[in-house]
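The structure appears below as structure tokens.
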Amino acid sequence: MTQTRVLTGITTSGTPHLGNYVGAIRPAVAASLTPGVESFYFLADLHALIKVQEPARVQRSTLEIAAAWLACGLDPAKVWFYRQSEIVEIPELSWFLTCVAGKGILNRAHAYKAAVDKNRAEGEDDDAAITAGLFMYPVLMSADILVFNAHKVPVGRDQIQHIEMARDFAQRFNHLYGEHFVLPEAQIEEAVATLPGLDGRKMSKSYDNTIPLFAPREQLKKLIYSIVTDSRAPGEPKSTEGSALFQIYQAFASADETAAMRQAFADGIAWGEAKQALFERIDREIAPLREKYEALMAQPEKIEAILIDGARRVRERYAVASMKKLREAVGLRDLSQASGAAAAETETRRALPVFKQYREADGRFYFKLADGDRVLVQSQGFASPKDAGQLIAALKSGRSDLDALLAAAEPLQPAQREEAAAALAAIVQAEAQAEAAKVGAAT
């Protein structure tokens, strides 16, 4: 049975803080132990170059983040753990995808649009100080995912658009060159905790309000004691609603501990006493991890060896073979093997009926089965491109039949049904032949 491949990227542009630990590291390490799941965790150092032009900072951040994940329990013997830049197939695939990606789609990417809007608000040219790296970020992210044909990608809601783009690029590639890519799905973690920072806003490097995950014990205590609270005196009841101190405590405490602290707030616990309790609760969980982290940071060569080995193994297992097939698919082939078969393949592909997907003004997604300029089957509308894409993939592979196609289509006359049946049979046969040819080439 095929395992579900789940992929997570970590941008190497800063020092891990408590918010990263609660919102990403701790739940991801726990998820990596789930039966039936094959987990990929990578350090996105190529992505870091988009916003960080300080080489030493990128290097230091990569070291700190790798050490943090390992100290928190990520086991490189049970997951794929690697540095993005070591997978040379990723930038190669990124170019393949660039050649099928629609610029109009990239124009709508949230990060790019936000940068353009900022320039307009400041009276600057739309693209002032915007790099091609920022503009092409979604394509590189798509390559991260598709090179391993990941099924699920845990992301926040602000990243869903990037997963939809990856699906779109994969569908376009599959349409041109055959079924090579799994269409990934966004995995939204609704219960992921978002920690407030020292000033009550979301803990973020952008706000300079973070508590470093592995700050020394005394620094951790000092930072916790600097968390902003209100002026209510000891003995005066305090509200847990909107309290940064209580929210951070809750993220580390058990249900019983949280209930006890909630009661303490109602009973008027002094802020100093509450901060001391928070410090002790966090330090109890982090102290043993801090010890492992400091030991790893003292042995950077050990971390380097782990990342190099992880990249080597995952390339051998997936990336090298995948890119060999993709190079063959797009025509980057051994010239000594050129023959009339290549021309025949091209002619066959041209002659075959094809499925074409598109989106209408009503916001719904459609497909049609066309033979040249003639539309043989017109689908009804789908709520999402995933639903339409999955049906097309099943039809082309033979996993679904003519009845499934007709059930999703506008009504056909008997003669049209016969044409549709013949067209579908031709597509299934061609797909099976193409797959057999790939298997033969690989062996």
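Letters for chains follow the order of the structure tokens (A, B, ...), residue numbers begin at 1 for each chain, and ligand numbers begin at 1 in the order shown.
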
> Skipping near chain neighbours, those fewer than 2 positions away, what residues fall within 12 Å of Ser239 of chain A using only C-alpha atoms, listed as a PyMOL selection string?
Replying inline: chain A and resi 229-232+236-237+241-247+261-269+271

Take the residues from that selection and put them in a file with N, CA and C atoms, as a compact mmCIF listing (two decimals), in the first residue's frame.
# COMPACT_ATOMS: atom_id res chain seq x y z
N THR A 229 1.75 43.09 30.71
CA THR A 229 0.51 42.76 31.43
C THR A 229 -0.19 44.08 31.78
N ASP A 230 -1.37 43.97 32.38
CA ASP A 230 -2.07 45.20 32.75
C ASP A 230 -1.69 45.63 34.17
N SER A 231 -2.38 46.64 34.70
CA SER A 231 -2.00 47.24 35.99
C SER A 231 -2.77 46.66 37.17
N ARG A 232 -3.49 45.58 36.98
CA ARG A 232 -4.26 45.03 38.09
C ARG A 232 -3.34 44.49 39.20
N GLU A 236 -6.44 41.19 42.96
CA GLU A 236 -7.50 41.66 42.08
C GLU A 236 -7.71 40.64 40.96
N PRO A 237 -8.95 40.18 40.74
CA PRO A 237 -9.19 39.17 39.69
C PRO A 237 -8.66 39.65 38.34
N GLU A 241 -8.82 36.30 29.13
CA GLU A 241 -9.14 36.71 27.77
C GLU A 241 -8.17 37.78 27.31
N GLY A 242 -7.45 37.50 26.22
CA GLY A 242 -6.51 38.46 25.68
C GLY A 242 -5.21 38.55 26.42
N SER A 243 -5.00 37.70 27.43
CA SER A 243 -3.76 37.73 28.20
C SER A 243 -2.68 36.94 27.48
N ALA A 244 -1.61 37.61 27.04
CA ALA A 244 -0.51 36.93 26.37
C ALA A 244 0.13 35.91 27.31
N LEU A 245 0.26 36.29 28.57
CA LEU A 245 0.89 35.41 29.55
C LEU A 245 0.10 34.10 29.68
N PHE A 246 -1.22 34.22 29.79
CA PHE A 246 -2.04 33.01 29.94
C PHE A 246 -2.01 32.16 28.68
N GLN A 247 -2.07 32.80 27.51
CA GLN A 247 -2.07 32.05 26.25
C GLN A 247 -0.77 31.26 26.07
N MET A 261 -4.39 27.38 36.52
CA MET A 261 -3.94 28.75 36.28
C MET A 261 -5.13 29.66 36.00
N ARG A 262 -6.13 29.17 35.32
CA ARG A 262 -7.33 29.97 35.07
C ARG A 262 -7.98 30.39 36.41
N GLN A 263 -8.02 29.42 37.35
CA GLN A 263 -8.58 29.72 38.66
C GLN A 263 -7.71 30.71 39.41
N ALA A 264 -6.39 30.56 39.25
CA ALA A 264 -5.47 31.49 39.92
C ALA A 264 -5.68 32.91 39.41
N PHE A 265 -5.93 33.05 38.12
CA PHE A 265 -6.22 34.37 37.55
C PHE A 265 -7.49 34.95 38.21
N ALA A 266 -8.51 34.10 38.33
CA ALA A 266 -9.76 34.55 38.92
C ALA A 266 -9.58 34.93 40.39
N ASP A 267 -8.64 34.26 41.07
CA ASP A 267 -8.38 34.53 42.49
C ASP A 267 -7.44 35.70 42.71
N GLY A 268 -6.91 36.26 41.60
CA GLY A 268 -6.08 37.46 41.74
C GLY A 268 -4.60 37.21 41.89
N ILE A 269 -4.07 36.16 41.29
CA ILE A 269 -2.64 35.89 41.35
C ILE A 269 -1.85 37.13 40.96
N TRP A 271 1.06 39.27 39.18
CA TRP A 271 1.68 39.07 37.87
C TRP A 271 3.07 38.44 38.02

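Closest to Tyr293 of chain A among A:Ala132, A:Ala71, A:Ala253, A:Ile145 is A:Ala71, based on only C-alpha atoms.
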
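The closest residue to Ile188 of chain A, picked from A:Glu360, A:Asp168, A:Glu89, A:Asp158 and counting only C-alpha atoms, is A:Asp158.
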
> Would you give me, as an MDAnalysis selection string, the residues in segment 172-357 of chain A that DSSP reads as alpha helix (DSSP H)?
Replying inline: chainID A and resid 172:177 217:225 244:252 255:267 271:297 300:314 320:330 340:351

>> Excluding Leu106 of chain A and its own-chain neighbours fewer than 5 positions away, which residues fall within 12 Å of it when counting only C-alpha atoms? Please give them as number ranges by chain.
In response: A: 98, 100-101, 111-113, 132-140, 161-162, 164-166, 168-169

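Atom CA of Arg167 of chain A is found 19.5 Å from atom CA of His47 of chain A.
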
May I have the residues within 9 Å of Phe42 of chain A as a PDB file with C-alpha atoms, in the first residue's frame, using only C-alpha atoms and disregarding those fewer than 4 positions away in the same chain?
ATOM      1  CA  LEU A   7       6.170  17.497   2.910  1.00  0.00           C
ATOM      2  CA  THR A   8       7.145  20.438   5.127  1.00  0.00           C
ATOM      3  CA  GLY A   9       9.615  23.223   4.324  1.00  0.00           C
ATOM      4  CA  ILE A  10      11.334  25.454   6.883  1.00  0.00           C
ATOM      5  CA  THR A  11      12.770  28.761   5.606  1.00  0.00           C
ATOM      6  CA  TRP A  80      13.606  12.424   4.982  1.00  0.00           C
ATOM      7  CA  PHE A  81      15.541  15.419   6.375  1.00  0.00           C
ATOM      8  CA  TYR A  82      17.587  17.424   3.912  1.00  0.00           C
ATOM      9  CA  ARG A  83      18.730  20.825   2.732  1.00  0.00           C
ATOM     10  CA  GLN A  84      16.842  22.112  -0.298  1.00  0.00           C
TER      11      GLN A  84
END

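Take the candidates A:Gly363, A:Pro414, A:Gly272, A:Pro353 and check each one against Val375 of chain A using only C-alpha atoms; the shortest distance goes to A:Pro353.
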
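If you measure from each of A:Glu86, A:Gly381, A:Ser254, A:Arg374 to Ala361 of chain A using only C-alpha atoms, the closest one turns out to be A:Gly381.
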